[in-house]
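So this block is final-v1.txt, compact mmCIF, C-alpha atoms:
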```
# COMPACT_ATOMS: atom_id res chain seq x y z
CA MET A 1 57.97 80.63 104.02
CA ARG A 2 58.85 84.31 103.78
CA LYS A 3 62.44 83.50 104.80
CA ARG A 4 62.73 80.85 102.06
CA LEU A 5 61.33 83.30 99.49
CA THR A 6 63.91 85.91 100.52
CA LEU A 7 66.72 83.39 100.10
CA VAL A 8 65.49 82.44 96.63
CA VAL A 9 65.31 86.12 95.60
CA LEU A 10 68.82 86.74 96.95
CA ALA A 11 70.14 83.72 95.06
CA LEU A 12 68.51 84.94 91.82
CA VAL A 13 69.97 88.43 92.28
CA ALA A 14 73.44 86.95 92.83
CA LEU A 15 73.08 84.76 89.75
CA ALA A 16 71.91 87.68 87.61
CA SER A 17 74.79 89.82 88.85
CA SER A 18 77.37 87.14 88.07
CA ALA A 19 75.83 86.62 84.64
CA SER A 20 76.08 90.33 83.86
CA VAL A 21 79.77 90.39 84.83
CA THR A 22 80.41 87.44 82.55
CA ALA A 23 78.52 89.12 79.72
CA ALA A 24 80.54 92.31 80.15
CA GLY A 25 83.74 90.30 80.14
CA SER A 26 82.88 88.42 76.97
CA GLN A 27 81.83 91.68 75.30
CA SER A 28 85.05 93.49 76.19
CA ALA A 29 87.14 90.59 74.86
CA SER A 30 86.16 91.61 71.35
CA LEU A 31 87.16 95.26 71.85
CA THR A 32 90.29 96.96 70.55
CA VAL A 33 91.35 99.76 72.87
CA TYR A 34 93.91 102.37 71.80
CA ALA A 35 95.23 104.01 74.95
CA ALA A 36 97.92 106.41 76.13
CA ALA A 37 101.10 104.64 77.23
CA SER A 38 100.63 105.90 80.81
CA LEU A 39 97.45 103.79 81.06
CA THR A 40 99.22 100.50 80.29
CA ASP A 41 99.30 98.97 83.77
CA VAL A 42 95.97 100.25 85.06
CA PHE A 43 93.95 99.28 81.97
CA ARG A 44 95.44 95.77 81.89
CA ALA A 45 94.61 95.37 85.58
CA PHE A 46 91.13 96.83 85.21
CA ASP A 47 90.21 94.59 82.29
CA PRO A 48 92.70 92.17 80.71
CA ALA A 49 90.19 91.05 78.07
CA PRO A 50 90.41 93.71 75.30
CA LYS A 51 93.10 93.86 72.68
CA TYR A 52 95.21 96.87 73.63
CA SER A 53 97.50 99.16 71.71
CA PHE A 54 99.47 101.51 73.99
CA ALA A 55 101.52 104.42 72.63
CA GLY A 56 101.80 108.18 72.72
CA SER A 57 98.32 109.69 72.28
CA ASN A 58 99.48 111.69 69.26
CA THR A 59 100.64 108.49 67.53
CA LEU A 60 97.34 106.77 68.28
CA GLU A 61 95.40 109.80 67.04
CA THR A 62 97.24 109.61 63.72
CA GLN A 63 96.62 105.87 63.46
CA ILE A 64 92.88 106.33 64.07
CA ARG A 65 92.78 109.13 61.51
CA ASN A 66 94.39 106.71 59.06
CA GLY A 67 91.67 104.14 59.68
CA ALA A 68 93.17 101.90 62.37
CA PRO A 69 90.56 99.38 63.61
CA ALA A 70 90.11 100.78 67.13
CA ASP A 71 86.85 100.70 69.06
CA LEU A 72 87.96 103.04 71.85
CA PHE A 73 90.56 105.78 72.15
CA ALA A 74 91.81 106.87 75.60
CA SER A 75 94.07 109.91 75.40
CA ALA A 76 96.30 111.58 77.99
CA ALA A 77 95.27 114.99 76.70
CA PRO A 78 91.92 116.36 75.51
CA LEU A 79 93.63 117.87 72.47
CA ASN A 80 93.97 114.49 70.73
CA THR A 81 90.42 113.27 71.33
CA GLN A 82 88.87 116.67 70.64
CA ARG A 83 90.64 116.98 67.28
CA LEU A 84 89.21 113.63 66.22
CA TYR A 85 85.78 114.58 67.60
CA LYS A 86 85.73 117.76 65.50
CA GLN A 87 86.36 115.61 62.44
CA GLU A 88 83.62 113.18 63.58
CA LEU A 89 86.16 110.37 63.76
CA VAL A 90 85.21 109.67 67.38
CA GLN A 91 82.02 110.21 69.36
CA LYS A 92 81.81 112.81 72.14
CA PRO A 93 84.81 112.27 74.47
CA VAL A 94 84.39 111.83 78.22
CA THR A 95 86.92 112.89 80.87
CA PHE A 96 87.67 109.93 83.12
CA THR A 97 90.69 110.75 85.26
CA SER A 98 93.58 113.15 85.84
CA ASN A 99 97.24 112.97 86.74
CA ARG A 100 100.25 114.99 87.84
CA LEU A 101 103.76 115.40 86.57
CA ALA A 102 106.93 114.50 88.43
CA LEU A 103 110.63 114.76 87.78
CA ILE A 104 112.36 111.41 88.17
CA ILE A 105 116.04 110.74 88.73
CA PRO A 106 117.92 107.42 88.92
CA THR A 107 118.31 106.17 92.50
CA SER A 108 122.09 106.62 92.12
CA ASN A 109 121.43 110.30 91.30
CA PRO A 110 124.76 110.97 89.55
CA ALA A 111 123.89 114.63 88.88
CA GLY A 112 123.05 115.32 92.54
CA ILE A 113 119.57 116.64 91.83
CA THR A 114 117.44 117.44 94.88
CA SER A 115 115.16 120.14 93.47
CA ILE A 116 113.64 120.86 90.08
CA TYR A 117 115.60 124.13 90.14
CA ASP A 118 118.81 122.05 90.01
CA LEU A 119 118.03 121.45 86.33
CA LYS A 120 118.89 125.12 85.81
CA ARG A 121 121.94 125.19 88.07
CA LYS A 122 123.70 121.92 87.24
CA PRO A 123 125.01 120.27 84.09
CA VAL A 124 122.44 117.52 83.59
CA LYS A 125 121.41 115.09 80.89
CA LEU A 126 117.66 115.56 80.62
CA VAL A 127 115.22 113.32 78.78
CA VAL A 128 111.72 114.45 77.82
CA ALA A 129 108.97 113.35 75.46
CA GLY A 130 108.53 115.17 72.15
CA ALA A 131 106.39 118.30 72.13
CA ALA A 132 103.53 116.58 70.28
CA VAL A 133 103.26 113.84 72.91
CA PRO A 134 100.93 114.87 75.78
CA VAL A 135 103.54 114.36 78.51
CA GLY A 136 106.02 116.30 76.39
CA ALA A 137 103.59 119.20 76.03
CA TYR A 138 102.83 119.10 79.76
CA THR A 139 106.59 119.12 80.49
CA ARG A 140 107.01 122.28 78.47
CA THR A 141 104.06 123.86 80.30
CA VAL A 142 105.71 123.14 83.66
CA LEU A 143 109.02 124.63 82.53
CA ARG A 144 107.33 127.70 81.06
CA LYS A 145 105.28 128.25 84.24
CA MET A 146 108.46 128.12 86.29
CA GLY A 147 110.46 130.34 83.94
CA MET A 148 112.75 127.42 83.18
CA SER A 149 112.28 126.67 79.47
CA SER A 150 116.00 127.28 79.01
CA VAL A 151 116.70 123.84 80.54
CA LEU A 152 115.36 122.29 77.33
CA SER A 153 118.83 123.01 75.98
CA LYS A 154 120.02 120.19 78.26
CA VAL A 155 117.74 117.60 76.63
CA VAL A 156 119.77 114.68 75.32
CA SER A 157 116.86 112.67 74.01
CA GLN A 158 113.23 113.27 73.00
CA GLU A 159 111.05 110.18 73.34
CA THR A 160 107.85 109.08 71.64
CA ASP A 161 105.96 108.28 74.84
CA VAL A 162 106.18 108.49 78.62
CA ARG A 163 107.21 104.86 79.03
CA ALA A 164 110.36 105.50 76.98
CA VAL A 165 111.25 108.50 79.17
CA THR A 166 110.71 106.44 82.32
CA SER A 167 112.80 103.60 80.98
CA LYS A 168 115.75 105.84 80.03
CA VAL A 169 115.93 107.33 83.53
CA ALA A 170 115.39 103.99 85.28
CA LEU A 171 118.26 102.52 83.27
CA GLY A 172 120.51 105.43 84.22
CA GLN A 173 120.83 106.65 80.62
CA ALA A 174 119.77 110.15 81.70
CA ASP A 175 120.10 112.22 84.90
CA ALA A 176 116.45 113.22 84.99
CA GLY A 177 113.19 113.03 83.08
CA PHE A 178 109.63 114.33 83.25
CA VAL A 179 106.92 111.68 83.57
CA TYR A 180 103.52 111.25 85.21
CA VAL A 181 103.56 110.37 88.90
CA THR A 182 101.81 107.11 87.95
CA ASP A 183 104.75 106.08 85.78
CA ALA A 184 107.20 106.96 88.53
CA ARG A 185 105.33 104.55 90.83
CA ALA A 186 105.80 101.72 88.37
CA VAL A 187 109.62 101.96 88.69
CA ALA A 188 109.78 103.12 92.30
CA ASP A 189 112.66 100.74 93.06
CA ARG A 190 114.85 102.29 90.38
CA VAL A 191 114.05 106.01 90.51
CA LYS A 192 113.52 108.80 93.02
CA VAL A 193 110.82 111.40 92.59
CA VAL A 194 111.49 115.12 92.79
CA ARG A 195 108.27 117.02 93.33
CA ILE A 196 107.08 119.68 90.95
CA PRO A 197 105.44 122.58 92.82
CA ALA A 198 101.63 122.48 92.76
CA TRP A 199 101.48 125.99 91.28
CA ALA A 200 103.52 124.83 88.27
CA GLN A 201 101.49 121.68 87.58
CA PRO A 202 99.68 121.53 84.24
CA ARG A 203 96.02 120.54 84.07
CA VAL A 204 96.37 116.88 83.01
CA ARG A 205 93.05 115.41 81.84
CA TYR A 206 92.44 112.00 80.29
CA GLU A 207 89.60 111.55 77.83
CA ILE A 208 88.08 108.47 76.27
CA ALA A 209 85.85 108.21 73.21
CA VAL A 210 84.19 105.56 71.07
CA VAL A 211 85.68 105.49 67.58
CA SER A 212 83.00 106.38 65.02
CA SER A 213 83.89 103.54 62.67
CA SER A 214 83.67 100.91 65.45
CA THR A 215 81.30 98.04 64.79
CA ARG A 216 81.13 97.25 68.52
CA LYS A 217 79.77 100.56 69.80
CA ALA A 218 77.47 99.01 72.43
CA ALA A 219 80.34 97.11 74.00
CA ALA A 220 82.57 100.18 73.77
CA HIS A 221 80.00 102.33 75.57
CA ALA A 222 79.61 99.63 78.22
CA TRP A 223 83.38 99.66 78.72
CA ILE A 224 83.40 103.44 79.25
CA LYS A 225 80.52 103.07 81.71
CA ALA A 226 82.52 100.47 83.63
CA LEU A 227 85.57 102.74 83.64
CA LEU A 228 83.50 105.56 85.11
CA SER A 229 81.93 103.25 87.70
CA VAL A 230 83.20 102.89 91.26
CA ARG A 231 85.18 99.81 90.20
CA GLY A 232 86.90 101.65 87.36
CA GLN A 233 87.64 104.74 89.41
CA THR A 234 88.96 102.59 92.27
CA ALA A 235 91.34 100.83 89.88
CA LEU A 236 92.63 104.18 88.61
CA LYS A 237 93.09 105.43 92.16
CA GLU A 238 95.02 102.29 93.11
CA TYR A 239 97.49 103.08 90.34
CA GLY A 240 97.94 106.65 91.54
CA PHE A 241 95.62 108.46 89.14
CA LEU A 242 93.59 111.34 90.52
CA PRO A 243 89.82 111.49 90.81
CA LEU A 244 87.65 112.98 88.12
CA PRO A 245 88.07 116.75 88.19
CA ALA A 246 85.11 118.67 89.63
CA GLY A 247 82.67 120.06 87.08
CA MET B 248 103.81 158.71 84.10
CA THR B 249 103.99 157.39 87.65
CA THR B 250 100.61 158.88 88.44
CA ALA B 251 99.05 157.34 85.37
CA LEU B 252 100.42 153.91 86.23
CA GLY B 253 99.33 154.32 89.83
CA LEU B 254 95.81 155.22 88.78
CA GLY B 255 95.81 152.20 86.49
CA VAL B 256 96.64 149.85 89.32
CA ALA B 257 93.91 151.31 91.48
CA SER B 258 91.25 150.97 88.80
CA ALA B 259 88.95 148.00 88.44
CA SER B 260 90.32 147.04 85.02
CA SER B 261 93.66 145.33 84.46
CA PRO B 262 95.99 147.71 82.59
CA TRP B 263 98.87 145.26 83.05
CA ALA B 264 96.99 142.71 80.94
CA ALA B 265 97.36 145.01 77.94
CA SER B 266 101.13 144.99 78.35
CA ALA B 267 101.26 141.29 79.20
CA ALA B 268 102.76 140.38 75.86
CA ALA B 269 105.92 142.21 76.89
CA ALA B 270 106.38 139.97 79.93
CA THR B 271 109.25 137.51 79.87
CA GLU B 272 108.92 133.91 80.97
CA ASP B 273 110.63 134.79 84.27
CA ASP B 274 108.07 137.56 84.81
CA LEU B 275 105.21 135.15 84.18
CA ALA B 276 106.62 132.67 86.69
CA PHE B 277 105.98 135.28 89.40
CA ALA B 278 102.44 135.75 88.10
CA ASN B 279 101.78 132.00 88.14
CA PHE B 280 103.13 131.62 91.65
CA GLY B 281 101.35 134.76 92.85
CA ALA B 282 97.93 133.86 91.41
CA SER B 283 98.13 130.35 92.90
CA THR B 284 99.22 131.63 96.30
CA GLU B 285 96.52 134.32 96.35
CA PHE B 286 93.97 131.47 96.03
CA LEU B 287 95.68 129.89 99.04
CA VAL B 288 95.47 133.17 100.97
CA LYS B 289 91.79 133.53 100.05
CA ASP B 290 91.19 129.99 101.30
CA PHE B 291 92.96 130.88 104.55
CA TYR B 292 90.69 133.86 105.18
CA SER B 293 87.57 131.88 104.21
CA ARG B 294 88.38 129.07 106.63
CA ALA B 295 89.32 131.49 109.41
CA LEU B 296 85.99 133.26 108.97
CA GLU B 297 84.06 129.96 108.88
CA ALA B 298 85.84 128.76 112.03
CA ARG B 299 85.08 132.11 113.70
CA VAL B 300 88.60 132.38 115.05
CA VAL B 301 87.81 136.06 115.52
CA SER B 302 84.37 137.58 115.78
CA GLY B 303 82.50 140.84 115.49
CA VAL B 304 84.26 143.93 114.23
CA ARG B 305 87.64 142.19 114.36
CA ALA B 306 86.49 139.73 111.70
CA SER B 307 86.36 142.57 109.21
CA ALA B 308 90.15 142.37 108.92
CA LEU B 309 89.74 138.82 107.60
CA LYS B 310 86.99 139.90 105.21
CA ARG B 311 89.19 142.68 103.84
CA GLY B 312 92.06 140.26 103.39
CA LYS B 313 89.84 137.80 101.57
CA ALA B 314 88.59 140.50 99.20
CA CYS B 315 92.16 141.63 98.50
CA ALA B 316 93.31 138.07 97.77
CA ALA B 317 90.45 137.58 95.29
CA GLN B 318 91.32 140.83 93.50
CA HIS B 319 95.02 140.02 93.44
CA ALA B 320 94.33 136.57 91.97
CA LYS B 321 92.12 138.16 89.30
CA ALA B 322 94.76 140.75 88.41
CA LEU B 323 97.52 138.17 88.05
CA SER B 324 95.23 135.81 86.14
CA ASP B 325 94.38 138.64 83.72
CA LEU B 326 98.08 139.22 83.22
CA LEU B 327 98.67 135.55 82.45
CA VAL B 328 95.74 135.34 80.06
CA GLY B 329 96.91 138.55 78.39
CA ALA B 330 100.25 136.86 77.83
CA GLY B 331 98.52 133.90 76.20
CA ASP B 332 99.01 131.56 79.17
CA VAL B 333 96.45 129.46 81.01
CA ALA B 334 95.75 131.03 84.40
CA PRO B 335 95.43 128.75 87.44
CA LEU B 336 91.99 128.11 88.90
CA GLU B 337 91.06 127.71 92.55
CA GLU B 338 89.87 124.16 91.87
CA ASP B 339 93.31 123.17 90.59
CA PHE B 340 94.46 122.97 94.21
CA GLU B 341 93.70 120.93 97.29
CA PHE B 342 94.86 123.32 99.97
CA ALA B 343 96.24 121.60 103.05
CA TRP B 344 96.40 123.34 106.41
CA PRO B 345 98.02 121.96 109.57
CA ALA B 346 95.36 120.35 111.78
CA LYS B 347 95.39 123.02 114.46
CA THR B 348 95.42 126.04 112.15
CA PHE B 349 91.85 127.13 112.71
CA LYS B 350 91.41 125.93 116.29
CA THR B 351 92.55 129.17 117.88
CA GLU B 352 93.06 132.77 116.86
CA ARG B 353 96.73 132.51 117.74
CA GLU B 354 97.32 129.48 115.51
CA ALA B 355 95.38 130.99 112.62
CA VAL B 356 97.22 134.29 112.78
CA SER B 357 100.59 132.56 113.04
CA THR B 358 99.94 130.30 110.03
CA GLY B 359 98.36 133.04 107.92
CA ALA B 360 101.25 135.39 108.64
CA GLY B 361 103.73 132.70 107.58
CA VAL B 362 102.00 132.32 104.23
CA LEU B 363 101.76 136.07 103.70
CA ARG B 364 105.46 136.57 104.55
CA ALA B 365 106.53 134.06 101.89
CA LEU B 366 104.28 135.76 99.35
CA LEU B 367 105.55 139.20 100.36
CA GLY B 368 109.15 138.10 99.83
CA ALA B 369 108.39 136.88 96.31
CA TYR B 370 106.43 140.02 95.41
CA GLN B 371 109.33 142.21 96.57
CA THR B 372 111.68 140.38 94.23
CA ALA B 373 109.16 140.56 91.40
CA ALA B 374 108.78 144.32 91.89
CA ALA B 375 112.52 144.70 91.48
CA THR B 376 113.16 142.26 88.66
CA VAL B 377 110.24 142.04 86.21
CA THR B 378 110.93 143.75 82.91
CA GLU B 379 107.65 145.52 82.16
CA PRO B 380 107.29 148.83 84.09
CA SER B 381 103.52 148.53 84.59
CA HIS B 382 104.06 145.08 86.04
CA ARG B 383 106.64 146.47 88.47
CA ILE B 384 103.99 148.87 89.70
CA LEU B 385 101.56 145.97 90.04
CA TYR B 386 104.01 143.96 92.16
CA ALA B 387 104.86 147.04 94.26
CA SER B 388 101.13 147.43 94.95
CA LEU B 389 100.76 143.77 95.79
CA THR B 390 103.76 144.05 98.13
CA ALA B 391 102.16 147.00 99.92
CA SER B 392 98.79 145.24 100.20
CA VAL B 393 100.29 142.03 101.61
CA GLY B 394 102.31 144.13 104.08
CA GLN B 395 99.09 145.81 105.20
CA GLN B 396 97.43 142.42 105.65
CA LEU B 397 100.34 141.25 107.78
CA ALA B 398 99.93 144.31 109.98
CA GLU B 399 96.20 143.66 110.32
CA LEU B 400 96.79 140.04 111.32
CA ALA B 401 99.40 141.08 113.86
CA ALA B 402 97.04 143.69 115.28
CA LEU B 403 94.47 140.97 115.96
CA GLN B 404 96.96 139.50 118.41
CA GLY B 405 97.77 142.89 119.84
CA ALA B 406 101.19 142.73 118.21
CA ARG B 407 103.01 144.88 115.68
CA ALA B 408 104.33 143.71 112.34
CA VAL B 409 106.48 146.68 111.45
CA GLU B 410 109.85 145.67 110.03
CA PRO B 411 112.41 148.08 108.58
CA PHE B 412 113.44 145.73 105.77
CA PRO B 413 111.19 142.73 105.14
CA VAL B 414 113.29 140.08 103.44
CA ALA B 415 112.94 139.67 99.69
CA THR B 416 113.14 136.04 98.53
CA ASP B 417 113.58 134.30 95.23
CA LEU B 418 110.77 132.25 93.77
CA GLU B 419 112.36 128.95 94.74
CA THR B 420 112.55 129.88 98.43
CA ALA B 421 108.98 131.20 98.49
CA SER B 422 107.72 128.15 96.59
CA ASP B 423 109.47 125.74 99.00
CA ALA B 424 107.97 127.59 101.98
CA LEU B 425 104.43 127.17 100.67
CA GLU B 426 104.60 123.79 98.94
CA SER B 427 103.01 121.88 101.80
CA TYR B 428 99.97 124.20 101.78
CA LEU B 429 99.34 124.17 98.04
CA GLY B 430 98.78 120.41 97.98
```

Can I see the file as structure tokens?
Amino acid sequence: MRKRLTLVVLALVALASSASVTAAGSQSASLTVYAAASLTDVFRAFDPAPKYSFAGSNTLETQIRNGAPADLFASAAPLNTQRLYKQELVQKPVTFTSNRLALIIPTSNPAGITSIYDLKRKPVKLVVAGAAVPVGAYTRTVLRKMGMSSVLSKVVSQETDVRAVTSKVALGQADAGFVYVTDARAVADRVKVVRIPAWAQPRVRYEIAVVSSSTRKAAAHAWIKALLSVRGQTALKEYGFLPLPAG
Amino acid sequence: MTTALGLGVASASSPWAASAAAATEDDLAFANFGASTEFLVKDFYSRALEARVVSGVRASALKRGKACAAQHAKALSDLLVGAGDVAPLEEDFEFAWPAKTFKTEREAVSTGAGVLRALLGAYQTAAATVTEPSHRILYASLTASVGQQLAELAALQGARAVEPFPVATDLETASDALESYLG
């Protein structure tokens, strides 16, 4: 009798659990998520249901300021979310992951780059993101930390987001470019990664916030909760993102 | 002038932070590398003490080294902040030590000395090349302190670490030597 009762309870728990997953899925299907371009693959894998808009965080920030119908905003830099928070355009942002920068070169490596210091020594065609784009700002931080800002004179193209930088290098239209390590992984068959020293790495933090004008706040909060859960953090880790920073 | 600068370096405050604005980007690269590596050195001493690779009175050499590394990191961080930069934090790094590093005194001393030598080489170059005079004094002091720590580590093994001309290295060489430890 006791055994049968246990089985019934287990079956009910399983049913309830499956129902809650379904409910979360149907809720997230109605969400519009504005997210940094570097989150494209991982967010689609984590939850394909929402309507996504991926771009440079600065572009998305401007769109939200101009009244774009987003429910959530995930930025590659705290600056963008915090600016909106100060203007009460988003609710309090939450840090959900971190990342690192890498220098990528085409597999053919026409410029013969083996070290980041080669950018200073050799004539190279460098591609970076614009200074207002998070990855572009992080790039400039790396170069400043290493005393190498002068290599910005070798920039042949400034892109609007990290995906455009990655694409240019992967297509061999530039000798090197600064991207996140997660973007480098996505084109691993077409580029090589040149490490940036740990002491020169910027502090890359991703933040997410519910947009104040959202009419689906409960679903948006549930989505953030799921992203912070073990399942969300595991998905981020699988795509090469780093764990939540301590503190 | 020299005395005043010397006294400044020895004091608890950071006189070099006041002149940080005069530092060039190349100067600040040394400060960034130095502050980060001093956290690594501090971590080395902490782990060596925890593992009790040396004990009793001899452990005081490790404690002195740890205290020096903390003060060096603070000084260089103050310089960076004074220049308007973001100083590195200990938690920015996941220090990685070879598996056997803290198993024996010999291994620990050998690994620690390797790290200190790379840092010493970079500090020597910084002392000769940075533009701001008070910062040159700072790097000369750091060079002397790291040299003293090397001698203390060598003494633990009953060896001597006296070299007539320790090799000065550029930042790239020092950075490459320590990259695997900084994570």

### Within 9 Å of Phe73 (chain A) using all atoms listed in the file, minus same-chain residues under 3 positions, as a PyMOL selection string
chain A and resi 32-36+57+60-61+64+70+81+90+93+207-211

### Task
Do a neighbour search on region 351-357 of chain B at 8 Å with only C-alpha atoms, toss out local chain neighbours closer than 2 positions, and write the hits as a ChimeraX atom specification.
/B:295,300-301,347-349,359-361,400-401,403-404

### Distance filter 12 Å, all atoms listed in the file, chain B against chain A, as a ChimeraX atom specification
/B:270-287,327,330-343,377,417-430

### Task
For Tyr386 (chain B), work out the shell of residues within 12 Å, counting all atoms listed in the file and skipping chain neighbours fewer than 6 positions away, then give it as a PyMOL selection string.
chain B and resi 253+256+263+274-275+277-278+281-282+319+322-323+326+366-380+392-393

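Taking CA of Ser381 (chain B) and CA of Gly394 (chain B) as endpoints, the distance between them is 20.0 Å.
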
#### Entry: Å distance separating CA of Arg121 (chain A) from CA of Ser153 (chain A), one decimal place
12.7 Å

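Remark: for Phe46 (chain A), the closest of the candidate residues A:Pro123, A:Leu242, A:Glu88, A:Val230 is A:Val230 (distances computed over only C-alpha atoms).
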
Could you give me the axis-aligned bounding box of region 358-363 of chain B, with 8 Å of padding per side, as centre plus edge lengths in Å to one decimal, as JSON?
```
{"center_x": 101.0, "center_y": 133.2, "center_z": 106.9, "size_x": 21.4, "size_y": 21.8, "size_z": 22.3}
```

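Distance-wise, CA of Thr97 (chain A) and CA of Ala76 (chain A) end up 9.2 Å apart.
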
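Restricting the calculation to all atoms listed in the file, the smallest distance between Leu296 (chain B) and any of B:Ala265, B:Lys350, B:Ser324, B:Arg407 is found for B:Lys350.
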
### Query
In terms of the shortest atom-to-atom distance over only C-alpha atoms, which of A:Asn99, A:Gln82, A:Asn109, A:Ser75 is closest to Ala170 (chain A)?
A:Asn109
